[in-house]
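Listing of target.cif; format and content: mmCIF, C-alpha atoms; chains and numbers go by the auth columns.
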data_protein
loop_
_atom_site.group_PDB
_atom_site.id
_atom_site.type_symbol
_atom_site.label_atom_id
_atom_site.label_comp_id
_atom_site.label_asym_id
_atom_site.label_seq_id
_atom_site.Cartn_x
_atom_site.Cartn_y
_atom_site.Cartn_z
_atom_site.B_iso_or_equiv
_atom_site.auth_seq_id
_atom_site.auth_asym_id
ATOM 1 C CA LYS A 1 101.018 202.931 58.103 0.00 251 S
ATOM 2 C CA ARG A 2 103.416 202.668 61.060 0.00 252 S
ATOM 3 C CA LYS A 3 102.119 199.234 62.058 0.00 253 S
ATOM 4 C CA GLU A 4 102.371 197.950 58.463 0.00 254 S
ATOM 5 C CA PHE A 5 105.934 199.248 58.249 0.00 255 S
ATOM 6 C CA LEU A 6 107.010 197.683 61.549 0.00 256 S
ATOM 7 C CA ASP A 7 105.350 194.349 60.709 0.00 257 S
ATOM 8 C CA ASP A 8 107.098 194.326 57.330 0.00 258 S
ATOM 9 C CA LEU A 9 110.444 195.338 58.890 0.00 259 S
ATOM 10 C CA PHE A 10 110.262 192.668 61.609 0.00 260 S
ATOM 11 C CA VAL A 11 109.331 189.935 59.110 0.00 261 S
ATOM 12 C CA PHE A 12 112.167 191.057 56.803 0.00 262 S
ATOM 13 C CA MET A 13 114.742 191.069 59.629 0.00 263 S
ATOM 14 C CA GLN A 14 113.510 187.677 60.866 0.00 264 S
ATOM 15 C CA LYS A 15 113.877 186.161 57.375 0.00 265 S
ATOM 16 C CA ARG A 16 117.447 187.406 57.016 0.00 266 S
ATOM 17 C CA GLY A 17 118.374 185.874 60.391 0.00 267 S
ATOM 18 C CA THR A 18 118.697 189.133 62.332 0.00 268 S
ATOM 19 C CA PRO A 19 115.409 189.388 64.223 0.00 269 S
ATOM 20 C CA VAL A 20 114.584 192.567 66.137 0.00 270 S
ATOM 21 C CA ASN A 21 114.374 191.224 69.671 0.00 271 S
ATOM 22 C CA ARG A 22 114.478 194.544 71.492 0.00 272 S
ATOM 23 C CA ILE A 23 113.332 197.956 70.337 0.00 273 S
ATOM 24 C CA PRO A 24 116.216 200.411 70.715 0.00 274 S
ATOM 25 C CA ILE A 25 115.981 203.140 73.356 0.00 275 S
ATOM 26 C CA MET A 26 117.375 206.631 72.955 0.00 276 S
ATOM 27 C CA ALA A 27 117.137 209.526 75.424 0.00 277 S
ATOM 28 C CA LYS A 28 115.067 207.314 77.753 0.00 278 S
ATOM 29 C CA GLN A 29 112.389 206.782 75.117 0.00 279 S
ATOM 30 C CA VAL A 30 111.707 204.122 72.496 0.00 280 S
ATOM 31 C CA LEU A 31 113.454 204.980 69.245 0.00 281 S
ATOM 32 C CA ASP A 32 110.728 205.389 66.619 0.00 282 S
ATOM 33 C CA LEU A 33 112.096 203.147 63.853 0.00 283 S
ATOM 34 C CA TYR A 34 109.249 204.086 61.520 0.00 284 S
ATOM 35 C CA MET A 35 109.919 207.819 61.814 0.00 285 S
ATOM 36 C CA LEU A 36 113.702 207.342 61.673 0.00 286 S
ATOM 37 C CA TYR A 37 113.373 205.330 58.450 0.00 287 S
ATOM 38 C CA LYS A 38 110.937 207.844 56.937 0.00 288 S
ATOM 39 C CA LEU A 39 113.138 210.858 57.759 0.00 289 S
ATOM 40 C CA VAL A 40 116.355 209.234 56.506 0.00 290 S
ATOM 41 C CA THR A 41 114.875 207.877 53.259 0.00 291 S
ATOM 42 C CA GLU A 42 113.182 211.232 52.548 0.00 292 S
ATOM 43 C CA LYS A 43 116.665 212.794 52.680 0.00 293 S
ATOM 44 C CA GLY A 44 118.001 210.247 50.170 0.00 294 S
ATOM 45 C CA GLY A 45 118.973 207.392 52.493 0.00 295 S
ATOM 46 C CA LEU A 46 121.653 206.679 55.063 0.00 296 S
ATOM 47 C CA VAL A 47 124.670 207.425 52.843 0.00 297 S
ATOM 48 C CA GLU A 48 123.235 210.846 51.885 0.00 298 S
ATOM 49 C CA VAL A 49 122.500 211.736 55.516 0.00 299 S
ATOM 50 C CA ILE A 50 126.076 210.806 56.511 0.00 300 S
ATOM 51 C CA ASN A 51 127.668 212.646 53.564 0.00 301 S
ATOM 52 C CA LYS A 52 125.553 215.778 54.007 0.00 302 S
ATOM 53 C CA LYS A 53 125.921 215.639 57.818 0.00 303 S
ATOM 54 C CA ILE A 54 122.226 216.273 58.404 0.00 304 S
ATOM 55 C CA TRP A 55 121.739 214.179 61.540 0.00 305 S
ATOM 56 C CA ARG A 56 120.646 217.302 63.427 0.00 306 S
ATOM 57 C CA GLU A 57 117.573 217.523 61.164 0.00 307 S
ATOM 58 C CA ILE A 58 116.831 213.849 61.808 0.00 308 S
ATOM 59 C CA THR A 59 117.258 214.388 65.576 0.00 309 S
ATOM 60 C CA LYS A 60 114.785 217.301 65.457 0.00 310 S
ATOM 61 C CA GLY A 61 112.364 215.265 63.339 0.00 311 S
ATOM 62 C CA LEU A 62 112.379 212.555 66.021 0.00 312 S
ATOM 63 C CA ASN A 63 111.809 215.171 68.768 0.00 313 S
ATOM 64 C CA LEU A 64 114.985 214.098 70.525 0.00 314 S
ATOM 65 C CA PRO A 65 116.746 216.615 72.776 0.00 315 S
ATOM 66 C CA THR A 66 119.345 218.580 70.787 0.00 316 S
ATOM 67 C CA SER A 67 121.591 218.366 73.869 0.00 317 S
ATOM 68 C CA ILE A 68 122.478 214.738 73.049 0.00 318 S
ATOM 69 C CA THR A 69 125.993 215.099 71.676 0.00 319 S
ATOM 70 C CA SER A 70 126.195 211.485 70.535 0.00 320 S
ATOM 71 C CA ALA A 71 122.882 211.627 68.645 0.00 321 S
ATOM 72 C CA ALA A 72 124.402 211.395 65.157 0.00 322 S
ATOM 73 C CA PHE A 73 126.576 208.392 66.047 0.00 323 S
ATOM 74 C CA THR A 74 123.817 206.621 67.974 0.00 324 S
ATOM 75 C CA LEU A 75 121.185 207.161 65.272 0.00 325 S
ATOM 76 C CA ARG A 76 123.621 206.017 62.590 0.00 326 S
ATOM 77 C CA THR A 77 124.524 202.814 64.433 0.00 327 S
ATOM 78 C CA GLN A 78 120.883 202.032 65.260 0.00 328 S
ATOM 79 C CA TYR A 79 119.874 202.731 61.652 0.00 329 S
ATOM 80 C CA MET A 80 122.661 200.478 60.368 0.00 330 S
ATOM 81 C CA LYS A 81 121.617 197.689 62.723 0.00 331 S
ATOM 82 C CA TYR A 82 117.853 197.816 62.333 0.00 332 S
ATOM 83 C CA LEU A 83 117.000 199.684 59.131 0.00 333 S
ATOM 84 C CA TYR A 84 119.834 199.810 56.600 0.00 334 S
ATOM 85 C CA PRO A 85 119.378 196.234 55.272 0.00 335 S
ATOM 86 C CA TYR A 86 115.676 197.048 54.830 0.00 336 S
ATOM 87 C CA GLU A 87 116.509 200.316 53.025 0.00 337 S
ATOM 88 C CA CYS A 88 118.833 198.419 50.648 0.00 338 S
ATOM 89 C CA GLU A 89 116.177 195.796 49.960 0.00 339 S
ATOM 90 C CA LYS A 90 113.206 198.135 49.515 0.00 340 S
ATOM 91 C CA GLN A 91 114.696 201.270 47.986 0.00 341 S
ATOM 92 C CA SER A 92 118.267 200.507 46.851 0.00 342 S
ATOM 93 C CA LEU A 93 119.375 204.034 47.777 0.00 343 S
ATOM 94 C CA SER A 94 122.981 202.921 48.315 0.00 344 S
ATOM 95 C CA SER A 95 125.214 199.879 48.700 0.00 345 S
ATOM 96 C CA PRO A 96 127.170 198.692 51.761 0.00 346 S
ATOM 97 C CA THR A 97 130.377 199.688 49.912 0.00 347 S
ATOM 98 C CA GLU A 98 129.118 203.257 49.531 0.00 348 S
ATOM 99 C CA LEU A 99 128.086 203.253 53.188 0.00 349 S
ATOM 100 C CA GLN A 100 131.581 202.212 54.286 0.00 350 S
ATOM 101 C CA ALA A 101 133.121 204.923 52.093 0.00 351 S
ATOM 102 C CA ALA A 102 130.798 207.538 53.629 0.00 352 S
ATOM 103 C CA ILE A 103 131.668 206.428 57.167 0.00 353 S
ATOM 104 C CA ASP A 104 135.401 206.452 56.389 0.00 354 S
ATOM 105 C CA SER A 105 135.387 209.914 54.786 0.00 355 S
ATOM 106 C CA ASN A 106 133.230 211.261 57.611 0.00 356 S
ATOM 107 C CA ARG A 107 135.778 209.938 60.098 0.00 357 S
ATOM 108 C CA ARG A 108 138.728 211.488 58.291 0.00 358 S
ATOM 109 C CA GLU A 109 137.379 215.006 57.888 0.00 359 S
ATOM 110 C CA GLY A 110 134.928 215.296 60.757 0.00 360 S
ATOM 111 C CA ARG A 111 137.345 215.160 63.663 0.00 361 S
ATOM 112 C CA ARG A 112 138.763 218.289 65.185 0.00 362 S
ATOM 113 C CA PRO A 113 141.811 217.393 67.220 0.00 363 S
ATOM 114 C CA SER A 114 140.676 217.349 70.806 0.00 364 S
ATOM 115 C CA TYR A 115 142.789 218.771 73.595 0.00 365 S
ATOM 116 C CA SER A 116 143.707 215.410 75.069 0.00 366 S
ATOM 117 C CA SER A 117 144.612 213.729 71.783 0.00 367 S
ATOM 118 C CA ALA A 118 146.790 216.709 70.859 0.00 368 S
ATOM 119 C CA LEU A 119 148.542 216.463 74.216 0.00 369 S
ATOM 120 C CA PHE A 120 149.106 212.753 74.340 0.00 370 S
ATOM 121 C CA GLY A 121 149.221 211.659 70.711 0.00 371 S
ATOM 122 C CA TYR A 122 147.014 208.654 71.440 0.00 372 S
ATOM 123 C CA SER A 123 147.425 205.616 69.267 0.00 373 S
ATOM 124 C CA PRO A 124 145.805 202.248 69.947 0.00 374 S
ATOM 125 C CA SER A 125 149.096 200.354 69.673 0.00 375 S
ATOM 126 C CA SER A 126 150.738 202.388 72.440 0.00 376 S
ATOM 127 C CA ALA A 127 147.602 202.077 74.556 0.00 377 S
ATOM 128 C CA THR A 128 147.809 198.304 74.596 0.00 378 S
ATOM 129 C CA ALA A 129 151.373 198.533 75.845 0.00 379 S
ATOM 130 C CA LEU A 130 150.250 200.912 78.580 0.00 380 S
ATOM 131 C CA LEU A 131 147.279 198.806 79.583 0.00 381 S
ATOM 132 C CA SER A 132 148.773 195.340 79.481 0.00 382 S
ATOM 133 C CA PRO A 133 149.509 193.927 82.926 0.00 383 S
ATOM 134 C CA ALA A 134 153.085 193.839 84.112 0.00 384 S
ATOM 135 C CA LYS A 135 154.649 190.413 83.922 0.00 385 S
ATOM 136 C CA VAL A 136 155.579 189.276 87.409 0.00 386 S
ATOM 137 C CA HIS A 137 157.470 186.061 87.909 0.00 387 S
ATOM 138 C CA LEU A 138 156.207 184.071 90.852 0.00 388 S
ATOM 139 C CA SER A 139 159.711 182.823 91.557 0.00 389 S
ATOM 140 C CA SER A 140 160.696 186.310 92.729 0.00 390 S
ATOM 141 C CA MET A 141 157.771 186.566 95.154 0.00 391 S
ATOM 142 C CA ASN A 142 157.643 185.470 98.749 0.00 392 S
ATOM 143 C CA VAL A 143 153.881 185.018 99.282 0.00 393 S
ATOM 144 C CA PRO A 144 152.429 184.721 102.789 0.00 394 S
ATOM 145 C CA THR A 145 149.711 182.092 103.296 0.00 395 S
ATOM 146 C CA SER A 146 146.722 182.153 105.623 0.00 396 S
ATOM 147 C CA ASN A 147 148.486 180.020 108.266 0.00 397 S
ATOM 148 C CA GLY A 148 151.469 182.345 108.587 0.00 398 S
ATOM 149 C CA THR A 149 153.981 180.365 106.526 0.00 399 S
ATOM 150 C CA HIS A 150 155.420 181.729 103.305 0.00 400 S
ATOM 151 C CA LEU A 151 155.232 180.184 99.855 0.00 401 S
ATOM 152 C CA SER A 152 158.578 180.073 98.199 0.00 402 S
ATOM 153 C CA PRO A 153 159.345 178.488 94.862 0.00 403 S
ATOM 154 C CA GLY A 154 160.249 174.832 95.079 0.00 404 S
ATOM 155 C CA LEU A 155 159.101 174.353 98.687 0.00 405 S
ATOM 156 C CA SER A 156 156.051 172.361 99.600 0.00 406 S
ATOM 157 C CA ILE A 157 153.884 173.233 102.561 0.00 407 S
ATOM 158 C CA LYS A 158 153.135 170.512 105.066 0.00 408 S
ATOM 159 C CA LYS A 159 150.076 170.823 107.244 0.00 409 S
#
Go ahead and express the file in the form of structure tokens.
Amino acid sequence: KRKEFLDDLFVFMQKRGTPVNRIPIMAKQVLDLYMLYKLVTEKGGLVEVINKKIWREITKGLNLPTSITSAAFTLRTQYMKYLYPYECEKQSLSSPTELQAAIDSNRREGRRPSYSSALFGYSPSSATALLSPAKVHLSSMNVPTSNGTHLSPGLSIKK
């Protein structure tokens, strides 16, 4: 059954132009795409698993360590990449629009304010200002060269 599923999945992904070139790894072991698909579709599909927040059950079903804090996010992204198009095609359990809505609502309600974000009020727009390099004008610099002379704007070095 597993081999039939994987053969069918790989052919499907190849035909849609997104071949599975590498099997995903999670917790230093190969992610069992067959079992992941079976567990998620038994629970009603990806959108249901996201909405009901039952990734922990999926993690247990895959025998992954419960200590992996990013398990829900990692399984969701791997499922979206490798299995969701197949789920849509074979079982029509949800649509990409419903998936996006589930992800968005999960983002809005699922976040407890962390200590650092409460302290610093992080926003991506301010981060880019913080991280962008300072603009230094070369004309204000007096740069030494390897032969001991200094580069100054407008002067040429003769050797």
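Nearest residue to S:Asn356, choosing from S:Ile308, S:Val297, S:Cys338, S:Val261 and counting all atoms listed in the file: S:Val297.
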Residue neighbourhood S:Tyr284, 12 Å, all atoms listed in the file, exclusion window fewer than 2 positions, as a PyMOL selection string: chain S and resi 251-260+273+280-282+286-291+311-312+329+332-333+336-337
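The protein and nucleic acid residues lying at most 12 Å from S:Ile353 are Leu296, Val297, Glu298, Val299, Ile300, Asn301, Lys302, Lys303, Ala322, Phe323, Arg326, Thr327, Met330, Pro346, Thr347, Glu359 and Gly360 of chain S, with only C-alpha atoms considered and sequence neighbours fewer than 6 positions away removed.
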Selected residue, from S:Lys331, S:Ser344, S:Ser320, S:Leu325, that lies nearest to S:Thr268 when counting all atoms listed in the file: S:Lys331
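Rounded to one decimal, atom CA of S:Phe262 and atom CA of S:Pro335 lie 9.0 Å from each other.
Straight-line separation from atom CA of S:Gln279 to atom CA of S:Pro315: 11.0 Å.
Between atom CA of S:Glu339 and atom CA of S:Pro269 the interatomic distance comes to 15.7 Å.
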Minimum-distance residue to S:Leu349, chosen among S:Met263, S:Met276, S:Val270, S:Gly295 (using only C-alpha atoms): S:Gly295
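Here the question is which of S:Gln328, S:Arg357, S:Ala352, S:Ala277 gets nearest to S:Thr316 using all atoms listed in the file, and that residue is S:Ala277.
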